[in-house]
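A.B. asks: Pasting work-v4.txt below, which is compact mmCIF, C-alpha atoms and all ligand atoms.
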# COMPACT_ATOMS: atom_id res chain seq x y z
CA LEU A 1 117.15 110.19 86.36
CA THR A 2 114.89 107.20 86.85
CA ILE A 3 115.42 106.09 90.44
CA VAL A 4 114.17 102.65 91.40
CA PHE A 5 113.63 102.05 95.12
CA ASP A 6 113.09 98.86 97.03
CA LEU A 7 110.34 99.42 99.62
CA ASP A 8 110.84 97.40 102.82
CA GLY A 9 113.80 98.72 104.76
CA VAL A 10 114.29 101.58 102.29
CA VAL A 11 111.10 103.65 102.31
CA TYR A 12 109.37 102.06 105.30
CA ARG A 13 109.54 99.27 107.84
CA GLY A 14 106.12 97.81 108.50
CA ASP A 15 103.79 100.80 108.54
CA THR A 16 106.36 103.37 109.58
CA ALA A 17 108.35 105.50 107.16
CA VAL A 18 112.11 105.14 107.43
CA PRO A 19 113.78 108.36 108.75
CA GLU A 20 114.47 110.93 105.99
CA ALA A 21 112.65 108.88 103.32
CA VAL A 22 109.53 111.05 102.97
CA ARG A 23 111.44 114.34 102.82
CA THR A 24 114.07 113.02 100.40
CA LEU A 25 111.66 111.35 97.96
CA ASN A 26 109.56 114.51 97.76
CA LEU A 27 112.72 116.53 97.15
CA LEU A 28 113.74 114.18 94.32
CA MET A 29 110.30 114.38 92.71
CA ALA A 30 110.42 118.18 92.93
CA ASP A 31 113.81 118.01 91.18
CA GLY A 32 112.14 116.19 88.27
CA HIS A 33 113.44 112.66 88.87
CA ALA A 34 111.09 109.78 88.03
CA LEU A 35 110.61 107.49 91.04
CA TYR A 36 109.67 103.84 90.74
CA TYR A 37 109.23 101.20 93.43
CA LEU A 38 110.27 97.59 93.00
CA THR A 39 109.35 95.15 95.75
CA ASN A 40 109.71 91.39 96.02
CA ASN A 41 106.69 91.43 98.30
CA SER A 42 103.82 89.71 96.49
CA THR A 43 101.12 89.91 99.15
CA ARG A 44 99.39 93.09 98.01
CA ALA A 45 98.26 94.75 94.79
CA ARG A 46 100.08 97.71 93.23
CA ALA A 47 97.22 100.05 94.15
CA ASP A 48 97.65 99.05 97.83
CA TYR A 49 101.30 100.10 97.76
CA ALA A 50 100.50 103.34 95.94
CA ARG A 51 97.90 104.11 98.61
CA LYS A 52 100.32 103.23 101.42
CA LEU A 53 103.09 105.44 99.99
CA THR A 54 100.67 108.29 99.37
CA GLY A 55 99.39 107.90 102.94
CA LEU A 56 102.95 108.18 104.27
CA GLY A 57 103.33 111.48 102.36
CA ILE A 58 104.90 110.22 99.12
CA PRO A 59 102.32 110.78 96.35
CA THR A 60 102.53 107.69 94.12
CA SER A 61 100.40 106.14 91.38
CA PRO A 62 100.06 102.35 90.87
CA GLU A 63 101.89 102.71 87.53
CA ASN A 64 105.06 103.56 89.45
CA VAL A 65 104.91 100.38 91.54
CA MET A 66 106.25 97.02 90.37
CA THR A 67 105.62 94.08 92.70
CA SER A 68 106.96 90.58 92.17
CA ALA A 69 103.31 89.50 91.88
CA TYR A 70 102.66 91.91 88.99
CA ALA A 71 105.96 91.00 87.33
CA THR A 72 105.01 87.32 87.59
CA ALA A 73 101.64 88.09 85.98
CA LEU A 74 103.38 89.98 83.15
CA TYR A 75 105.78 87.07 82.69
CA LEU A 76 102.96 84.52 82.48
CA GLU A 77 100.93 86.77 80.18
CA ALA A 78 103.92 87.07 77.85
CA ARG A 79 104.12 83.27 77.89
CA GLY A 80 100.52 83.08 76.62
CA ALA A 81 99.12 81.78 79.91
CA ALA A 82 95.76 83.58 79.70
CA GLY A 83 92.90 81.10 80.07
CA ARG A 84 95.12 78.50 81.70
CA SER A 85 94.93 77.41 85.34
CA VAL A 86 97.15 78.31 88.28
CA PHE A 87 97.41 77.15 91.87
CA VAL A 88 98.63 80.04 94.00
CA VAL A 89 100.56 79.74 97.26
CA GLY A 90 100.35 83.36 98.30
CA GLU A 91 98.07 86.11 99.49
CA HIS A 92 95.29 88.06 97.81
CA GLY A 93 97.62 90.44 95.94
CA LEU A 94 99.20 87.54 94.08
CA ALA A 95 95.91 85.82 93.22
CA GLU A 96 94.46 89.16 92.02
CA GLU A 97 97.38 89.81 89.67
CA MET A 98 97.05 86.27 88.23
CA ALA A 99 93.31 86.75 87.63
CA ALA A 100 93.90 90.20 86.09
CA VAL A 101 95.91 88.71 83.20
CA GLY A 102 93.24 86.06 82.58
CA LEU A 103 94.59 83.07 84.49
CA ARG A 104 92.06 80.79 86.19
CA VAL A 105 92.99 80.70 89.88
CA LEU A 106 92.19 77.26 91.37
CA SER A 107 90.94 77.00 94.94
CA LEU A 108 92.45 74.48 97.34
CA ASP A 109 89.44 72.19 97.05
CA SER A 110 89.19 72.35 93.24
CA SER A 111 89.87 68.98 91.58
CA ASP A 112 91.12 70.60 88.33
CA ARG A 113 94.79 70.16 87.41
CA ALA A 114 96.94 73.31 87.43
CA ASP A 115 99.09 74.39 84.48
CA PHE A 116 101.16 76.60 86.78
CA VAL A 117 102.05 76.71 90.47
CA VAL A 118 102.98 80.23 91.55
CA ALA A 119 104.47 80.69 95.02
CA GLY A 120 105.26 83.71 97.18
CA LEU A 121 104.84 84.87 100.77
CA ASP A 122 101.74 83.31 102.32
CA ARG A 123 101.10 84.04 105.98
CA GLN A 124 98.30 81.43 105.95
CA PHE A 125 100.62 78.75 104.55
CA THR A 126 99.54 75.22 105.55
CA TYR A 127 100.54 71.62 104.96
CA ALA A 128 97.45 71.26 102.74
CA LYS A 129 98.70 74.07 100.45
CA LEU A 130 102.20 72.60 100.38
CA SER A 131 100.74 69.21 99.55
CA ARG A 132 98.60 70.56 96.70
CA ALA A 133 101.49 72.60 95.25
CA TYR A 134 103.73 69.53 95.42
CA THR A 135 101.09 67.36 93.73
CA GLU A 136 100.64 69.85 90.86
CA VAL A 137 104.37 70.30 90.26
CA ALA A 138 104.91 66.53 90.41
CA ALA A 139 102.08 66.14 87.86
CA GLY A 140 103.85 68.55 85.48
CA ALA A 141 102.70 72.06 86.38
CA GLU A 142 105.29 74.75 85.70
CA PHE A 143 106.70 76.02 89.01
CA VAL A 144 107.18 79.79 89.26
CA ALA A 145 108.37 81.77 92.32
CA THR A 146 107.73 85.47 92.91
CA ASN A 147 110.87 85.67 95.07
CA ARG A 148 113.20 83.64 97.26
CA ASP A 149 113.79 86.18 100.04
CA PRO A 150 114.38 84.10 103.18
CA THR A 151 113.09 86.80 105.51
CA TYR A 152 111.03 89.95 105.50
CA PRO A 153 111.71 92.98 107.76
CA LEU A 154 109.14 94.45 110.14
CA GLU A 155 109.25 97.65 112.16
CA GLY A 156 111.38 97.54 115.31
CA GLY A 157 114.11 95.50 113.64
CA THR A 158 112.37 92.13 113.73
CA GLU A 159 112.16 89.80 110.74
CA ILE A 160 109.67 87.10 109.77
CA PRO A 161 110.02 84.20 107.29
CA GLY A 162 109.71 85.42 103.68
CA GLY A 163 108.36 83.94 100.45
CA GLY A 164 111.58 82.01 99.96
CA ALA A 165 110.66 79.78 102.91
CA MET A 166 107.43 78.69 101.19
CA VAL A 167 109.17 78.27 97.84
CA ALA A 168 111.95 76.19 99.41
CA SER A 169 109.51 73.78 101.03
CA ILE A 170 107.70 73.16 97.72
CA ALA A 171 111.01 72.77 95.89
CA ALA A 172 112.23 70.34 98.54
CA ALA A 173 109.12 68.18 98.27
CA ALA A 174 108.92 68.24 94.46
CA GLY A 175 112.65 67.98 93.86
CA ARG A 176 112.40 70.79 91.34
CA GLU A 177 113.61 74.41 91.38
CA PRO A 178 111.21 77.17 90.31
CA PHE A 179 111.60 79.80 87.61
CA LEU A 180 112.32 82.92 89.66
CA VAL A 181 110.75 86.24 88.59
CA GLY A 182 111.58 88.64 91.44
CA LYS A 183 114.90 90.24 92.34
CA PRO A 184 117.74 89.38 91.81
CA GLN A 185 116.34 88.27 88.44
CA THR A 186 116.26 91.24 86.06
CA TYR A 187 112.82 90.74 84.50
CA ALA A 188 110.90 93.22 86.70
CA LEU A 189 113.61 95.89 86.65
CA GLU A 190 113.81 95.67 82.86
CA ARG A 191 110.04 96.18 82.69
CA ILE A 192 110.40 99.33 84.81
CA LEU A 193 113.11 100.77 82.56
CA LYS A 194 110.91 100.08 79.55
CA LEU A 195 107.91 101.73 81.26
CA ALA A 196 110.01 104.75 82.21
CA GLY A 197 111.56 104.95 78.75
CA ALA A 198 114.94 105.08 80.50
CA THR A 199 118.22 103.58 79.37
CA ARG A 200 120.52 101.87 81.85
CA GLU A 201 122.66 105.01 81.84
CA GLU A 202 119.71 107.07 83.07
CA ALA A 203 118.72 104.88 86.04
CA VAL A 204 119.85 104.15 89.60
CA MET A 205 118.87 101.25 91.89
CA VAL A 206 118.43 101.89 95.63
CA GLY A 207 117.90 99.05 98.12
CA ASP A 208 118.74 97.54 101.50
CA ARG A 209 119.75 94.00 100.45
CA THR A 210 122.93 93.05 98.65
CA ASP A 211 121.69 89.66 97.41
CA THR A 212 118.60 91.09 95.70
CA ASP A 213 118.59 94.90 95.26
CA VAL A 214 122.28 95.46 94.61
CA LEU A 215 122.70 92.28 92.58
CA VAL A 216 119.77 93.05 90.26
CA GLY A 217 121.04 96.59 89.67
CA ARG A 218 124.54 95.39 88.95
CA ARG A 219 123.28 92.68 86.59
CA LEU A 220 121.69 95.42 84.47
CA GLY A 221 124.71 97.71 84.81
CA LEU A 222 122.97 100.37 86.93
CA PRO A 223 124.76 102.35 89.64
CA THR A 224 123.63 100.85 92.97
CA VAL A 225 123.05 102.51 96.33
CA LEU A 226 122.71 100.52 99.56
CA THR A 227 120.96 102.22 102.46
CA LEU A 228 121.72 101.04 105.98
CA THR A 229 118.13 101.64 107.15
CA GLY A 230 117.17 98.03 106.39
CA VAL A 231 118.57 94.55 106.93
CA THR A 232 122.21 95.03 105.86
CA THR A 233 125.04 96.46 107.96
CA ARG A 234 128.01 98.30 106.46
CA ALA A 235 130.31 95.43 107.47
CA ALA A 236 128.04 92.88 105.76
CA ALA A 237 127.86 95.01 102.59
CA LEU A 238 131.64 95.31 102.41
CA ALA A 239 132.01 91.56 102.97
CA ALA A 240 129.44 90.65 100.28
CA PRO A 241 130.59 88.75 97.19
CA GLN A 242 132.08 91.08 94.56
CA GLU A 243 128.98 91.14 92.32
CA GLN A 244 126.78 92.10 95.27
CA ARG A 245 128.83 95.06 96.48
CA PRO A 246 127.07 98.43 96.11
CA ASP A 247 128.65 101.42 94.36
CA PHE A 248 127.53 103.67 97.22
CA ILE A 249 126.53 103.08 100.86
CA VAL A 250 124.36 105.68 102.66
CA GLU A 251 123.29 105.83 106.31
CA THR A 252 119.88 107.19 105.31
CA LEU A 253 118.26 108.46 102.11
CA ALA A 254 119.16 112.01 103.20
CA GLU A 255 122.57 111.34 101.59
CA LEU A 256 121.02 110.22 98.31
CA PRO A 257 120.84 113.62 96.52
CA SER A 258 124.61 114.08 96.86
CA VAL A 259 125.18 110.51 95.61
CA LEU A 260 123.02 111.29 92.58
CA GLU A 261 125.13 114.35 91.86
CA VAL A 262 128.21 112.14 91.81
CA VAL A 263 126.44 109.64 89.53
CA GLN A 264 125.39 112.37 87.13
CA GLY A 265 128.79 114.03 87.32
CA ALA A 266 130.50 110.75 86.47
CA ARG A 267 128.13 110.33 83.58
CA TYR A 268 128.88 113.78 82.17
CA ALA A 269 132.57 113.11 82.57
CA ARG A 270 132.22 109.87 80.65
CA VAL A 271 130.21 111.57 77.89
CA GLY A 272 132.80 114.35 77.74
CA LYS A 273 135.57 111.84 77.40
CA LEU A 274 133.78 110.01 74.59
CA ALA A 275 133.07 113.29 72.81
CA GLY A 276 136.69 114.45 73.25
MG MG A 301 114.14 95.62 101.30
Go through the file and emit its structure as structure tokens.

C.D. replies:
Amino acid sequence: LTIVFDLDGVVYRGDTAVPEAVRTLNLLMADGHALYYLTNNSTRARADYARKLTGLGIPTSPENVMTSAYATALYLEARGAAGRSVFVVGEHGLAEEMAAVGLRVLSLDSSDRADFVVAGLDRQFTYAKLSRAYTEVAAGAEFVATNRDPTYPLEGGTEIPGGGAMVASIAAAAGREPFLVGKPQTYALERILKLAGATREEAVMVGDRTDTDVLVGRRLGLPTVLTLTGVTTRAAALAAPQEQRPDFIVETLAELPSVLEVVQGARYARVGKLAG
């Protein structure tokens, strides 16, 4: 199977691996499953995440990591944005991905007009950045958001404001909603399936949020697994709107291998039925 994992709250919180994650992911790799990571976090480059996962004991290459920053870059590249200008509200990972596909990243003091405003989590967000983003969008720049996650989990159970808070402030000022690339939009997950050469029947989505991870999986028709190691409680998952309810809920990833057996079993049963 191709198994797509969210990162924060699923594999780690902050810099600490979530219990059972390291052992289980290594077990799944040894069993021949292809593991991919899909995060709405846009602050760092894919190589940074690959290094972090490898450092935690989960050997990973950058090709197996899809960030909302990279997905946004792929989206803009597909739109023919190379050579055009972008004002970025975000951190270095986002600016690097924009530059890597040939966009000209404008600095705050540049007087050039931006063709695009791209916004994500920015822990150095200021009124000056908000003002510039507003000015560009009001002047006609296309407004693109890496994600709209309201919060972002840290170790120890605390949460901090997420990229959605920056995006909402720009949208409020400009009176315009952005094009959203990250989860729960399906763009990035579809790119992963294409990269993996997997059909929807051969993939599973694992996450800790119903409104992003579960919803994106369900929109593409993938079986979804919610782990309770992140921001969602069992009660909240069961009370989520119908389209955000996971197919499976696990306490930790240690239960994932048996869930995958059920998924594969159900698949064989379905194939058998079709064949019969
Ligand atoms: Mg998460």

A.B. asks: Tell me which protein, DNA and RNA residues are within 6 Å of Ser68 (chain A), counting all atoms listed in the file, leaving out same-chain ones fewer than 2 positions away, and put them as a PyMOL selection string.

C.D. replies: chain A and resi 40+42+70-72+146+182

A.B. asks: Please tabulate, as a Markdown table, the residues of chain A that come within 8 Å of ligand MG 301 (chain A), each with its closest pair of atoms and the distance in Å to one decimal, counting only C-alpha atoms and all ligand atoms and ordering rows by chain, then residue number upward.

C.D. replies:
| residue | atom | partner | partner_atom | distance |
| --- | --- | --- | --- | --- |
| A:Asp6 | CA | A:MG301 | MG | 5.5 |
| A:Leu7 | CA | A:MG301 | MG | 5.6 |
| A:Asp8 | CA | A:MG301 | MG | 4.0 |
| A:Gly9 | CA | A:MG301 | MG | 4.7 |
| A:Val10 | CA | A:MG301 | MG | 6.0 |
| A:Thr39 | CA | A:MG301 | MG | 7.3 |
| A:Tyr152 | CA | A:MG301 | MG | 7.7 |
| A:Pro153 | CA | A:MG301 | MG | 7.4 |
| A:Gly207 | CA | A:MG301 | MG | 6.0 |
| A:Asp208 | CA | A:MG301 | MG | 5.0 |
| A:Arg209 | CA | A:MG301 | MG | 5.9 |
| A:Asp213 | CA | A:MG301 | MG | 7.5 |
| A:Gly230 | CA | A:MG301 | MG | 6.4 |
| A:Val231 | CA | A:MG301 | MG | 7.2 |

A.B. asks: From the set A:Ala30, A:Leu195, A:Ala188, A:Ala240, which residue has the shortest atom-to-atom contact distance to Met66 (chain A), counting all atoms listed in the file?

C.D. replies: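 The shortest atom-to-atom distance to Met66 (chain A) comes from A:Ala188.
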
A.B. asks: Calculated over only C-alpha atoms, which of the candidates A:Ala21, A:Ala69, A:Ala174, A:Ala34 has the smallest distance to Arg46 (chain A)?

C.D. replies: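 Residue with the minimum atom-to-atom distance to Arg46 (chain A): A:Ala69.
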
A.B. asks: Using all atoms listed in the file for the distances, tell me which of A:Ile192, A:Ala119, A:Val105, A:Ala78 is nearest to Leu35 (chain A).

C.D. replies: A:Ile192

A.B. asks: Looking at only C-alpha atoms, which of A:Leu260, A:Val22, A:Met166, A:Leu180 is the one that sits closest to Ala203 (chain A)?

C.D. replies: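 Result for the nearest residue to Ala203 (chain A): A:Leu260.
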
A.B. asks: Given the choices A:Lys129, A:His33, A:Arg23, A:Lys52, which gets closest to Glu202 (chain A) if the distance is worked out from all atoms listed in the file?

C.D. replies: A:His33

A.B. asks: What are the centre and the three edge lengths of an axis-aligned box that wraps all atoms of region 170-182 of chain A in the file, given that 6 Å is added to every side, written as lines of an AutoDock Vina configuration file and rounded to one decimal in Å?

C.D. replies:
center_x = 110.7
center_y = 78.3
center_z = 93.1
size_x = 17.9
size_y = 32.7
size_z = 22.9

A.B. asks: So the first atom is CA of Gly57 (chain A) and the second is CA of Leu253 (chain A); what is the distance between them in Å, to one decimal place?

C.D. replies: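 One can read the CA of Gly57 (chain A) to CA of Leu253 (chain A) distance as 15.2 Å.
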
A.B. asks: Please list as a ChimeraX atom specification every residue within 12 Å of Ala235 (chain A), counting all atoms listed in the file and excluding residues in the same chain fewer than 3 positions away.

C.D. replies: /A:210,228,231-232,238-240,245,249

A.B. asks: With a distance cut-off of 8 Å and all atoms listed in the file, select the neighbouring residues of Ala81 (chain A), excluding the residue or stretch itself and same-chain residues fewer than 4 positions from it, and output the selection as a list in words.

C.D. replies: Leu76, Glu77, Gly102 and Leu103 of chain A

A.B. asks: Between A:Arg219, A:Tyr49, A:Glu201, A:Gly140, which is the closest to Val11 (chain A) once you count all atoms listed in the file?

C.D. replies: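 The shortest atom-to-atom distance to Val11 (chain A) comes from A:Tyr49.
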
A.B. asks: CA of Val117 (chain A) and CA of Pro161 (chain A) are how many Å apart?

C.D. replies: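 CA of Pro161 (chain A) lies at a distance of 20.1 Å from CA of Val117 (chain A).
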
A.B. asks: Take CA of Leu226 (chain A) and CA of Glu177 (chain A) and report the distance between them in Å, one decimal.

C.D. replies: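 These two atoms are separated by 28.8 Å.
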
A.B. asks: Counting all atoms listed in the file, which residues sit no farther than 10 Å from the position (123.9, 103.6, 90.3) in the file's frame? I'd like them as JSON, numbers by chain.

C.D. replies: {"A": [3, 4, 200, 201, 202, 203, 204, 205, 206, 214, 217, 218, 221, 222, 223, 224, 225, 226, 246, 247, 248, 259, 260, 262, 263, 264]}

A.B. asks: How would region 232-243 of chain A read, as an mmCIF file, keeping the file's coordinate frame, once all heavy atoms are built in?

C.D. replies:
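Result file result_0.cif:
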data_model
loop_
_atom_site.group_PDB
_atom_site.id
_atom_site.type_symbol
_atom_site.label_atom_id
_atom_site.label_comp_id
_atom_site.auth_asym_id
_atom_site.auth_seq_id
_atom_site.Cartn_x
_atom_site.Cartn_y
_atom_site.Cartn_z
ATOM 1 N N THR A 232 120.782 95.251 106.091
ATOM 2 C CA THR A 232 122.210 95.030 105.860
ATOM 3 C C THR A 232 123.058 96.043 106.619
ATOM 4 O O THR A 232 122.779 97.244 106.571
ATOM 5 C CB THR A 232 122.522 95.117 104.353
ATOM 6 O OG1 THR A 232 121.623 94.253 103.651
ATOM 7 C CG2 THR A 232 123.947 94.683 104.059
ATOM 8 N N THR A 233 124.101 95.563 107.291
ATOM 9 C CA THR A 233 125.040 96.460 107.960
ATOM 10 C C THR A 233 126.166 96.816 106.987
ATOM 11 O O THR A 233 126.362 96.143 105.970
ATOM 12 C CB THR A 233 125.687 95.777 109.184
ATOM 13 O OG1 THR A 233 126.416 94.627 108.720
ATOM 14 C CG2 THR A 233 124.634 95.330 110.186
ATOM 15 N N ARG A 234 126.896 97.891 107.317
ATOM 16 C CA ARG A 234 128.010 98.300 106.460
ATOM 17 C C ARG A 234 129.040 97.169 106.347
ATOM 18 O O ARG A 234 129.521 96.863 105.256
ATOM 19 C CB ARG A 234 128.671 99.555 107.057
ATOM 20 C CG ARG A 234 129.784 100.138 106.194
ATOM 21 C CD ARG A 234 130.406 101.361 106.859
ATOM 22 N NE ARG A 234 129.445 102.446 107.042
ATOM 23 C CZ ARG A 234 129.203 103.372 106.126
ATOM 24 N NH1 ARG A 234 129.839 103.365 104.968
ATOM 25 N NH2 ARG A 234 128.316 104.326 106.353
ATOM 26 N N ALA A 235 129.321 96.505 107.476
ATOM 27 C CA ALA A 235 130.310 95.430 107.470
ATOM 28 C C ALA A 235 129.854 94.294 106.540
ATOM 29 O O ALA A 235 130.648 93.744 105.766
ATOM 30 C CB ALA A 235 130.529 94.903 108.879
ATOM 31 N N ALA A 236 128.557 93.965 106.602
ATOM 32 C CA ALA A 236 128.040 92.880 105.760
ATOM 33 C C ALA A 236 128.110 93.267 104.284
ATOM 34 O O ALA A 236 128.427 92.439 103.426
ATOM 35 C CB ALA A 236 126.598 92.551 106.157
ATOM 36 N N ALA A 237 127.816 94.551 103.989
ATOM 37 C CA ALA A 237 127.860 95.010 102.590
ATOM 38 C C ALA A 237 129.271 94.925 102.036
ATOM 39 O O ALA A 237 129.488 94.515 100.897
ATOM 40 C CB ALA A 237 127.330 96.442 102.488
ATOM 41 N N LEU A 238 130.248 95.317 102.875
ATOM 42 C CA LEU A 238 131.640 95.310 102.410
ATOM 43 C C LEU A 238 132.172 93.882 102.279
ATOM 44 O O LEU A 238 133.102 93.631 101.524
ATOM 45 C CB LEU A 238 132.514 96.130 103.372
ATOM 46 C CG LEU A 238 132.165 97.623 103.404
ATOM 47 C CD1 LEU A 238 132.977 98.349 104.467
ATOM 48 C CD2 LEU A 238 132.393 98.277 102.031
ATOM 49 N N ALA A 239 131.560 92.949 103.019
ATOM 50 C CA ALA A 239 132.010 91.560 102.970
ATOM 51 C C ALA A 239 131.228 90.740 101.936
ATOM 52 O O ALA A 239 131.486 89.549 101.753
ATOM 53 C CB ALA A 239 131.852 90.920 104.348
ATOM 54 N N ALA A 240 130.264 91.375 101.258
ATOM 55 C CA ALA A 240 129.440 90.650 100.280
ATOM 56 C C ALA A 240 130.296 90.204 99.099
ATOM 57 O O ALA A 240 131.340 90.811 98.821
ATOM 58 C CB ALA A 240 128.304 91.544 99.802
ATOM 59 N N PRO A 241 129.867 89.146 98.401
ATOM 60 C CA PRO A 241 130.590 88.750 97.190
ATOM 61 C C PRO A 241 130.706 89.932 96.216
ATOM 62 O O PRO A 241 129.819 90.791 96.179
ATOM 63 C CB PRO A 241 129.688 87.658 96.581
ATOM 64 C CG PRO A 241 128.840 87.172 97.706
ATOM 65 C CD PRO A 241 128.700 88.306 98.664
ATOM 66 N N GLN A 242 131.766 89.960 95.444
ATOM 67 C CA GLN A 242 132.080 91.080 94.560
ATOM 68 C C GLN A 242 130.866 91.600 93.785
ATOM 69 O O GLN A 242 130.603 92.804 93.749
ATOM 70 C CB GLN A 242 133.196 90.639 93.594
ATOM 71 C CG GLN A 242 133.623 91.683 92.571
ATOM 72 C CD GLN A 242 134.120 92.971 93.218
ATOM 73 O OE1 GLN A 242 134.817 92.951 94.240
ATOM 74 N NE2 GLN A 242 133.742 94.104 92.637
ATOM 75 N N GLU A 243 130.087 90.694 93.186
ATOM 76 C CA GLU A 243 128.980 91.140 92.320
ATOM 77 C C GLU A 243 127.802 91.688 93.108
ATOM 78 O O GLU A 243 126.846 92.183 92.530
ATOM 79 C CB GLU A 243 128.536 90.006 91.384
ATOM 80 C CG GLU A 243 127.743 88.892 92.034
ATOM 81 C CD GLU A 243 128.623 87.811 92.672
ATOM 82 O OE1 GLU A 243 129.844 88.053 92.839
ATOM 83 O OE2 GLU A 243 128.074 86.749 93.004
#
